[in-house]
Amino acid sequence: MTSHIGSNWPSSPGRRSLMVARVTSAVSVELRVTLKLHICPDTSYRKPPRDRGCCSVNFLKYVLFIFNFIFLLGGIAVLGVAIWTLTEKHQYVSLLTTSTYASTAYILLLAGLIVILAAFLGCCSVLREDRCCLLVYTFSLLLVFLLEAVAGVLAYVYEEQVMAELTLTLTQTFNDNYMYNPEMTETIDHMQMQYHCCGAVTFSEWRESRWLRENLEVNNTVPDSCCKTPSAYCGVRDHPSNIWYNGCIHQFEDELGRHLVILGAVGCGISLVQVFGMILSCCLYVKLKDVDDY
């Protein structure tokens, strides 16, 4: 080995000095790199700390807590409107030939129930910083958004069609079902007394009703609920001083339209809130994935 090195070692003093300088330089560079790696390691690959920046984990958690409270209030509002719709106007649903009105209310009812569960899940996922629960919470927000948006669109679309439907079907519903369908009979009587009206479009339509055509022994010209002061057999006389001459269709259409506008506004309006929640929850999910607690 010694003879081999000696044979390759430069004989000239100048060349020997140049070789020594090159070896020394290489060793120095390697030593500096080694010291840098041990004393000042590269931190560019490390994850950002949780409290750095305007969108830190703690900041997102606080904002998501505030959103969750607003989200819960919105869900309670949606649930209240749905229950109010089903209880307040449920008896008139039987007079409609389509189930759009009732379906809209039931969709909002389902959305309100999901909101309450999702709000609880959201609080737990934020407190525990559980990314799995946070992902489920995000999909729950998406589901609520879709339900409320669908309910809102259905309400607005049906609001444009309800007058045409009532014009085509309400007179037939009155004439064919009065005194033959107990539920509809009670609903028609209640509507005529509440709206101070008689018949679907006009009081004279009762003359063509199945009730009077098939029961000739009945002396009434209109139901007793058409009277300005309802009492037994008051519908025998159809004088304007005794009964209401206007039909029920316009008041029914106006009130139904107002309810549909409310349902549409609640569905479409509150559904937009869920968009901010989905953005916040996605940001927190990504932040928790990249955060470094050291």
# chains A, B, ... in the order shown; residues from 1 in each chain; ligands from 1
call {"tool": "select_by_dssp", "arguments": {"residues": "stretch 152-272 of chain A", "states": "helix (DSSP H, G or I)", "output": "PyMOL selection string"}}
result
chain A and resi 152-177+182-195+203-208+210-213+224-226+234-236+249-272
call {"tool": "residues_around", "arguments": {"residues": "stretch 106-109 of chain A", "least_positions_apart": "3", "cutoff": "8 Å", "atoms": "only C-alpha atoms", "output": "ChimeraX atom specification"}}
result
/A:78-79,82-83,102-103,112-113,147-148,151,267
call {"tool": "closest_residue", "arguments": {"among": "A:Val218, A:Val261, A:Leu135, A:Cys123", "to": "A:Leu154", "atoms": "only C-alpha atoms"}}
result
A:Val261
call {"tool": "atom_distance", "arguments": {"atom1": "atom CA of A:Tyr180", "atom2": "atom CA of A:His259"}}
result
28.8 Å
call {"tool": "closest_residue", "arguments": {"among": "A:Met193, A:Glu208, A:Ser140, A:Tyr92", "to": "A:Ser231", "atoms": "only C-alpha atoms"}}
result
A:Met193
call {"tool": "atom_distance", "arguments": {"atom1": "atom CA of A:Leu141", "atom2": "atom CA of A:Gln274"}}
result
5.8 Å
call {"tool": "closest_residue", "arguments": {"among": "A:Leu216, A:Cys248, A:Leu166, A:Leu284", "to": "A:Tyr195", "atoms": "only C-alpha atoms"}}
result
A:Cys248
call {"tool": "atom_distance", "arguments": {"atom1": "atom CA of A:Val273", "atom2": "atom CA of A:Asp254"}}
result
29.2 Å
call {"tool": "closest_residue", "arguments": {"among": "A:Ile270, A:Thr169, A:Lys228, A:Leu142", "to": "A:Ala77", "atoms": "only C-alpha atoms"}}
result
A:Ile270
call {"tool": "closest_residue", "arguments": {"among": "A:Leu86, A:Val150, A:Met278, A:Cys268", "to": "A:Val136", "atoms": "only C-alpha atoms"}}
result
A:Met278
call {"tool": "closest_residue", "arguments": {"among": "A:Glu214, A:Asp238, A:Glu165, A:Glu253", "to": "A:Thr98", "atoms": "only C-alpha atoms"}}
result
A:Glu165
